[in-house]
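Asks: Just dropping this structure here.
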Amino acid sequence: MNDRFKPNSLAARDVAYAVHPQTNLAEHMTSGPVIMEGGDGVFVRDDDGRAYLDVSSGLWCSSLGYANERLARVAYDQMCRLGAYHTFRHHSNEPSILLAEKLIEMAPEGISKVLFQCSGSEANDTAIKLVWYYFAAKGQPEKCKIIGRERAYHGTTIASNSVSGKRDMHVDFNLPLSMFRHTEFPNYFRFHQEGESEEDFATRMADALENLILDEGPETVAAFFAEPVMGAGGAVLPPRTYFDKIQAVLDRYDVLLVADEVICGFGRTGNMWGTETYGLKPDIMTCAKALSAGMMPISALLIGERVHEAMLSQSEKLGNFAHGFTYSGHPVSSAVALETLRIYEEMDVARRTREVGGYMIEQLRSLYDYDVVGDVNGVGLIAGIELVSDRESRAPLDLSSGVMARLDREARSRGLILRLIGERLAFAPPFIITEPEIDEMMRRLRPSLEAAFAKA
Ligand code: PLP
């Protein structure tokens, strides 16, 4: 065991036995873990009793906070009744049926079926398989390339990571796979040219997508993946008119749209779906995270009619829809998700995120007091801030100075967990956050920024 830590302590045992995702494993040997022990509303508490306000709800998913007795009771009751059974070969269970029905009730027009998985990555991986299945059914198996966007994140499995545009996550994993392409990162603040309006920038982004499709050959391009608001790309909102123009390009070349609602779904953008907020017409939507308030691993694909018809005809021809996970439609996860959706209905979640989100964005805009704040933008209860070294010229921060790591430390020392993505800060607190709690977040954020940048 590592002798930096008290013998037999949880920290020592963590370092001795556990591998942590998205962590510098070598550094972990000396830093050890932050062990979370409990939660109370929007605050999560470590094993030293320190309470933190995490501005992005853990990994964008703890929409109802970190502990919830009502959901616990539902899980307990379901485990006592039927704690596990699969949905392969025509089997089903009540919670997964009711949850599928509820999701279709909530889904945008044109979406007619639900396929459950366990994580966002699995949902996106499966969406890619369904796109291939669809074009195989249409007799166009060569139409198989998938286009994502630079800096987008759609998951960590082989295909979902391939469609993601986070290049650091491809290195030395032999990714992306050969049929994946990436188009422009539509960050208007960072990439617009002098005098270019948001609308003109959106036109340039749509032209770039169209040129990519034409270069590849439209007969080889199957689908385009997009989050309505890019979450792990830095909480980046689409520029005005972007999705109208993108949708027109996709329609022109018969390219399917997969909307990744893993972060945006269930009210995050001020409507039930980010798709609604921006008028997208997806063939497939994927959702996870807030589906179960992050309390149980569950995700879902919401499938449009034309894709489902192809699935029907393929499985009739082949004798099986040869895809599935052991835990697809798991009764306990489904029961918890169903209860979560009931809670969202009771709290009128989209109205709430619009209202409290409006307040949060207004407070974040007050940070323009600081010269390092280049851009603040948000919708519903999600917002992004881009830090700069000079606002006038939009000169980027020098990330090699270590200033973002310093900001992280300063914030943590004040009980605030920030989501730092390169030079951006992303905000997506739990849906239950109140205005006084947002004030508290600002009381911790301002001195953290001052301390980190004063030292810079
Ligand atoms: N899609 C988006 C937009 C995400 O933000 C994430 C995770 O953060 C995923 C997919 C992957 O989800 P999971 O980590 O549940 O596999």
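All residue names refer to the structure tokens as shown: chains lettered A, B, ... in order, residues numbered from 1 in each chain, ligands numbered from 1 in order.
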For chain A versus ligand 1, which residues have an atom no more than 6 Å away, and what is each residue's nearest atom pair and distance in Å rounded to one decimal, using only C-alpha atoms and all ligand atoms, chain-then-number order, as CSV?
Replies:
residue,atom,partner,partner_atom_place_in_ligand_line,distance
A:Ser119,CA,ligand 1,15 (O),3.8
A:Gly120,CA,ligand 1,12 (O),3.3
A:Ser121,CA,ligand 1,16 (O),3.5
A:Tyr153,CA,ligand 1,2 (C),5.5
A:His154,CA,ligand 1,1 (N),3.7
A:Gly155,CA,ligand 1,11 (C),3.7
A:Gly231,CA,ligand 1,5 (O),5.7
A:Ala232,CA,ligand 1,5 (O),5.6
A:Asp260,CA,ligand 1,3 (C),5.7
A:Val262,CA,ligand 1,3 (C),4.8
A:Ile263,CA,ligand 1,3 (C),5.3
Asks: Keeping only all heavy atoms, write the selected residues as a compact mmCIF listing (two decimals), in the first residue's frame.
Replies:
# COMPACT_ATOMS: atom_id res chain seq x y z
N SER A 119 -26.30 3.32 -20.51
CA SER A 119 -25.50 4.54 -20.40
C SER A 119 -25.66 5.35 -21.67
O SER A 119 -26.13 4.84 -22.70
CB SER A 119 -24.03 4.19 -20.22
OG SER A 119 -23.54 3.59 -21.42
N GLY A 120 -25.20 6.60 -21.59
CA GLY A 120 -25.23 7.46 -22.77
C GLY A 120 -24.37 6.89 -23.89
O GLY A 120 -24.75 6.93 -25.06
N SER A 121 -23.21 6.36 -23.53
CA SER A 121 -22.32 5.80 -24.54
C SER A 121 -22.99 4.64 -25.27
O SER A 121 -22.94 4.53 -26.50
CB SER A 121 -21.03 5.27 -23.89
OG SER A 121 -20.36 6.28 -23.21
N TYR A 153 -18.76 15.63 -27.44
CA TYR A 153 -18.59 14.39 -26.68
C TYR A 153 -19.87 13.58 -26.72
O TYR A 153 -20.95 14.10 -26.40
CB TYR A 153 -18.20 14.68 -25.22
CG TYR A 153 -17.96 13.41 -24.45
CD1 TYR A 153 -16.93 12.55 -24.80
CD2 TYR A 153 -18.79 13.04 -23.39
CE1 TYR A 153 -16.72 11.35 -24.13
CE2 TYR A 153 -18.58 11.86 -22.69
CZ TYR A 153 -17.54 11.02 -23.07
OH TYR A 153 -17.33 9.84 -22.40
N HIS A 154 -19.74 12.32 -27.14
CA HIS A 154 -20.92 11.45 -27.19
C HIS A 154 -20.70 10.13 -26.46
O HIS A 154 -21.55 9.25 -26.53
CB HIS A 154 -21.30 11.17 -28.65
CG HIS A 154 -21.66 12.41 -29.42
ND1 HIS A 154 -22.82 13.11 -29.20
CD2 HIS A 154 -20.99 13.09 -30.39
CE1 HIS A 154 -22.86 14.17 -30.01
NE2 HIS A 154 -21.77 14.19 -30.73
N GLY A 155 -19.54 9.97 -25.81
CA GLY A 155 -19.36 8.75 -25.04
C GLY A 155 -17.98 8.17 -25.22
O GLY A 155 -17.12 8.71 -25.93
N GLY A 231 -22.43 19.98 -24.38
CA GLY A 231 -22.14 19.99 -22.94
C GLY A 231 -20.66 19.92 -22.65
O GLY A 231 -20.02 20.92 -22.30
N ALA A 232 -20.09 18.73 -22.84
CA ALA A 232 -18.68 18.54 -22.51
C ALA A 232 -17.76 19.28 -23.49
O ALA A 232 -16.55 19.36 -23.27
CB ALA A 232 -18.34 17.06 -22.45
N ASP A 260 -28.30 13.96 -29.65
CA ASP A 260 -27.82 13.44 -28.37
C ASP A 260 -28.37 14.34 -27.26
O ASP A 260 -27.92 15.46 -27.08
CB ASP A 260 -26.29 13.44 -28.39
CG ASP A 260 -25.68 12.90 -27.09
OD1 ASP A 260 -26.38 12.92 -26.05
OD2 ASP A 260 -24.51 12.49 -27.11
N VAL A 262 -28.42 13.47 -24.10
CA VAL A 262 -27.94 12.88 -22.85
C VAL A 262 -27.80 13.96 -21.76
O VAL A 262 -28.13 13.71 -20.59
CB VAL A 262 -26.62 12.10 -23.09
CG1 VAL A 262 -25.93 11.74 -21.79
CG2 VAL A 262 -26.91 10.84 -23.90
N ILE A 263 -27.37 15.15 -22.13
CA ILE A 263 -27.33 16.26 -21.16
C ILE A 263 -28.57 17.14 -21.29
O ILE A 263 -29.14 17.58 -20.29
CB ILE A 263 -26.06 17.11 -21.38
CG1 ILE A 263 -24.82 16.36 -20.86
CG2 ILE A 263 -26.19 18.48 -20.71
CD1 ILE A 263 -23.50 17.08 -21.09
Asks: Would you kindly return, as a list in words, each protein, DNA or RNA residue with an atom no farther than 10 Å from any atom of Gly148 (chain A), considering only C-alpha atoms and excluding same-chain residues fewer than 5 positions away?
Replies: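 The neighbour list is Tyr153, His154, Ser160, Ser162, Val163, Ser164, Gly165, Phe180, Arg181, His182, Thr183, Glu184, Phe185, Leu209, Ala223, Phe224, Phe225, Ala226, Glu227 and Val258 of chain A.
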Asks: Taking C-alpha atoms for each residue, export the selection above as a CSV table (one decimal), in the first residue's frame.
Replies:
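Once everything was written out, this is out_32.csv:
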chain,number,residue,atom,x,y,z
A,153,TYR,CA,-18.6,14.4,-26.7
A,154,HIS,CA,-20.9,11.4,-27.2
A,160,SER,CA,-19.5,6.8,-29.5
A,162,SER,CA,-15.2,7.8,-32.6
A,163,VAL,CA,-18.1,10.2,-33.3
A,164,SER,CA,-16.9,12.4,-30.5
A,165,GLY,CA,-14.5,15.2,-31.6
A,180,PHE,CA,-16.1,8.6,-38.8
A,181,ARG,CA,-15.6,12.3,-39.8
A,182,HIS,CA,-15.8,15.5,-38.0
A,183,THR,CA,-17.1,18.9,-39.0
A,184,GLU,CA,-16.6,22.4,-37.4
A,185,PHE,CA,-17.0,23.2,-33.7
A,209,LEU,CA,-20.9,20.3,-43.3
A,223,ALA,CA,-25.8,10.3,-40.2
A,224,PHE,CA,-24.9,13.5,-38.4
A,225,PHE,CA,-24.7,13.5,-34.6
A,226,ALA,CA,-25.3,16.7,-32.5
A,227,GLU,CA,-26.2,17.7,-29.0
A,258,VAL,CA,-29.2,11.7,-34.2
Asks: Skipping near chain neighbours, those fewer than 4 positions away, what residues fall within 6 Å of region 92-104 of chain A using only C-alpha atoms, listed as a list of chain:residue names?
Replies: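 Those residues are A:Thr87, A:Val114, A:Gly329, A:Pro331, A:Ser334, A:Ala335, A:Leu338.
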Asks: Expressed in Å to a single decimal, how great is the separation between CA of Tyr66 (chain A) and CA of Val356 (chain A)?
Replies: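 Here the two named atoms are 19.1 Å from each other.
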Asks: Smallest atom-to-atom distance to Pro108 (chain A): which of A:Val349, A:Met205, A:Leu302, A:Leu257, using only C-alpha atoms?
Replies: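 The closest residue to Pro108 (chain A) is A:Leu302.
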Asks: Point out the residue among A:Pro21, A:Gly384, A:Gly304, A:Pro282 with the least atom-to-atom distance to Asn187 (chain A), counting only C-alpha atoms.
Replies: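 Nearest candidate to Asn187 (chain A) out of A:Pro21, A:Gly384, A:Gly304, A:Pro282: A:Gly384.
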Asks: Closest to Ala123 (chain A) among A:Thr353, A:Ser299, A:Thr203, A:Ser400, using only C-alpha atoms?
Replies: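 Result for the nearest residue to Ala123 (chain A): A:Ser299.
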